[in-house]
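Q: I have a structure I would like to understand better, so I am pasting it below and will then ask my questions one at a time.
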Amino acid sequence: MIQYKAFIASSLDGFIARTDGSLDWLTSDEFTLENDDLGYSSFMEGIDCIVMGRITFETVLTFEPYPFGSIPIYVLTRNSDYQFESQHPIRIFQGTLEELDSILLGNQIKNAYVDGGQLIQSYISKSMLNQIIITRIPVLVGSGLPLFGDSHKDRKLKHIQTSTFSNGFVQSEYHL
Ligand SMILES: NC(=O)c1ccc[n+]([C@@H]2O[C@H](COP(=O)([O-])OP(=O)(O)OC[C@H]3O[C@@H](n4cnc5c(N)ncnc54)[C@H](OP(=O)(O)O)[C@@H]3O)[C@@H](O)[C@H]2O)c1
């Protein structure tokens, strides 16, 4: 079975970006931590591929330099006309999460990083997300794109560990 894992930052009131997609509240200078990437590189060491929502993908394309090197990325979209050509190992995928799971299994993928709020919600709603590491940023932004959406039923998570950082970030790992 593939382990699907999310590693994401959210405001204290539960938003991953402002409504226009901006991340200024997350990247502001006051939160700079010298020589500490909040466990991101150690998380990425265990990742074989990234499954990414189309909106997050379009944000990533604005990053310079391109941050994911040779890691394969599957970009999820429901738009059958969506196309993208790249020198990087990026594939556009228009099928279901279950269909993608079969493809990834066939490619010997063991650990996949799920990125993007709506996509994380899709994985949770299908009970396919195994782990989430949430870094809470001590700021209330009031409105924006939510990490979690409406749910028809309660979903209990198992708390694994919580770390605090000198800049006020609080990072918790949960298993689902
Ligand atoms: N704070 C953080 O750590 C963090 C991390 C990641 C991203 N972000 C920010 O969050 C924003 C994007 O997040 P988001 O929640 O709006 O969107 P998202 O999950 O990145 O992308 C949503 C899109 O992905 C596709 N999609 C999602 N679920 C799908 C499914 N089950 N099957 C097929 N396609 C699916 C759809 O694309 P189509 O519309 O093309 O059909 C959907 O509109 C960006 O601004 C990004 O910068 C922040």
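The way I read the labels, and the way they are meant: chains A, B, ... in the order of the structure tokens, residue 1 as the first residue of every chain, and ligand 1 as the first ligand shown, with later ones counted on from there.
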Please list as a list in words every residue within 12 Å of Leu157 in chain A, counting only C-alpha atoms and excluding residues in the same chain fewer than 2 positions away.

A: Ile124, Ser127, Leu129, Asn130, Gln131, Ile132, Ile133, Asp154, Arg155, His159, Ile160, Gln161, Ser172, Glu173, Tyr174, His175 and Leu176 of chain A

Q: Show which residues sit within 9 Å of Leu97 in chain A, as a ChimeraX atom specification. Count only C-alpha atoms, and ignore same-chain residues fewer than 4 positions away.

A: /A:76,101-102,122-123,126,128

Q: As a list in words, which residues of range 129-169 of chain A does DSSP assign to strand (DSSP E)?

A: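 Taking range 129-169 of chain A and keeping strand (DSSP E) only, one gets Gln131, Ile132, Ile133, Ile134, Thr135, Arg136, Ile137, Leu145, Pro146, Lys158, His159, Ile160, Gln161, Thr162, Ser163 and Thr164 of chain A.
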
Q: Within 9 Å of Gln121 in chain A, counting only C-alpha atoms, which residues qualify if same-chain residues fewer than 6 places away don't, as a list of chain:residue names?

A: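 The contact residues come out as A:Leu129, A:Leu147, A:Phe148, A:Gly149.
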
Q: Produce as a ChimeraX atom specification the set of residues near ligand 1, where near means within 9 Å with only C-alpha atoms and all ligand atoms considered.

A: /A:7-11,15-23,26,52-60,75-80,82,93-97,114-123,134-135,145-148

Q: If I take CA of Ile137 in chain A and CA of Thr164 in chain A, how far is one from the other in Å, to one decimal?

A: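 It comes out at 10.7 Å.
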
Q: Would you compute the distance between CA of Glu34 in chain A and CA of Gly168 in chain A? Give it in Å to one decimal.

A: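 About the pair CA of Glu34 in chain A and CA of Gly168 in chain A: they are 13.7 Å apart.
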
Q: Give me every alpha helix (DSSP H) residue in range 26-176 of chain A, going by DSSP on the backbone, as number ranges by chain.

A: A: 26-27, 40-45, 54-60, 97-106, 117-125

Q: Residues of the last selection are to be written out with C-alpha atoms, as an mmCIF file, in the first residue's frame.

A:
```cif
data_model
loop_
_atom_site.group_PDB
_atom_site.id
_atom_site.type_symbol
_atom_site.label_atom_id
_atom_site.label_comp_id
_atom_site.auth_asym_id
_atom_site.auth_seq_id
_atom_site.Cartn_x
_atom_site.Cartn_y
_atom_site.Cartn_z
ATOM 1 C CA LEU A 26 3.697 32.725 5.767
ATOM 2 C CA THR A 27 6.925 33.981 4.259
ATOM 3 C CA TYR A 40 10.947 19.595 5.298
ATOM 4 C CA SER A 41 14.110 18.054 3.811
ATOM 5 C CA SER A 42 13.915 15.079 6.126
ATOM 6 C CA PHE A 43 10.239 14.612 5.129
ATOM 7 C CA MET A 44 11.167 14.849 1.433
ATOM 8 C CA GLU A 45 13.931 12.244 1.789
ATOM 9 C CA ARG A 54 -3.649 21.938 -10.206
ATOM 10 C CA ILE A 55 -3.842 25.281 -8.370
ATOM 11 C CA THR A 56 -0.811 24.526 -6.185
ATOM 12 C CA PHE A 57 1.019 23.342 -9.300
ATOM 13 C CA GLU A 58 0.422 26.699 -10.984
ATOM 14 C CA THR A 59 1.858 28.419 -7.893
ATOM 15 C CA VAL A 60 4.914 26.137 -7.955
ATOM 16 C CA LEU A 97 -7.422 9.009 -7.041
ATOM 17 C CA GLU A 98 -7.968 5.228 -7.159
ATOM 18 C CA GLU A 99 -6.783 5.049 -10.778
ATOM 19 C CA LEU A 100 -3.723 7.080 -9.880
ATOM 20 C CA ASP A 101 -3.072 4.755 -6.936
ATOM 21 C CA SER A 102 -2.909 1.774 -9.329
ATOM 22 C CA ILE A 103 -0.495 3.600 -11.615
ATOM 23 C CA LEU A 104 1.744 4.625 -8.713
ATOM 24 C CA LEU A 105 1.742 1.073 -7.342
ATOM 25 C CA GLY A 106 2.816 -0.133 -10.784
ATOM 26 C CA GLY A 117 -5.770 22.060 0.136
ATOM 27 C CA GLN A 118 -8.576 20.760 -2.064
ATOM 28 C CA LEU A 119 -6.539 17.727 -3.029
ATOM 29 C CA ILE A 120 -5.762 16.903 0.616
ATOM 30 C CA GLN A 121 -9.513 17.179 1.290
ATOM 31 C CA SER A 122 -10.180 14.730 -1.580
ATOM 32 C CA TYR A 123 -7.722 12.214 -0.122
ATOM 33 C CA ILE A 124 -9.226 12.592 3.357
ATOM 34 C CA SER A 125 -12.781 12.176 2.061
#
```

Q: So, counting only C-alpha atoms, which residue among A:Pro89, A:Ile47, A:Arg136, A:Phe169 is closest to Asp13 in chain A?

A: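 Once distances to Asp13 in chain A are computed over only C-alpha atoms, the minimum belongs to A:Arg136.
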
Q: With only C-alpha atoms as the atoms that count, which of A:Val51, A:Val141, A:Ala6, A:Ile90 lies nearest to Tyr66 in chain A?

A: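 Counting only C-alpha atoms, the residue closest to Tyr66 in chain A is A:Ile90.
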
Q: Nearest residue to Asp24 in chain A out of A:Ser86, A:Val139, A:Lys158, A:His152, using only C-alpha atoms?

A: A:Val139
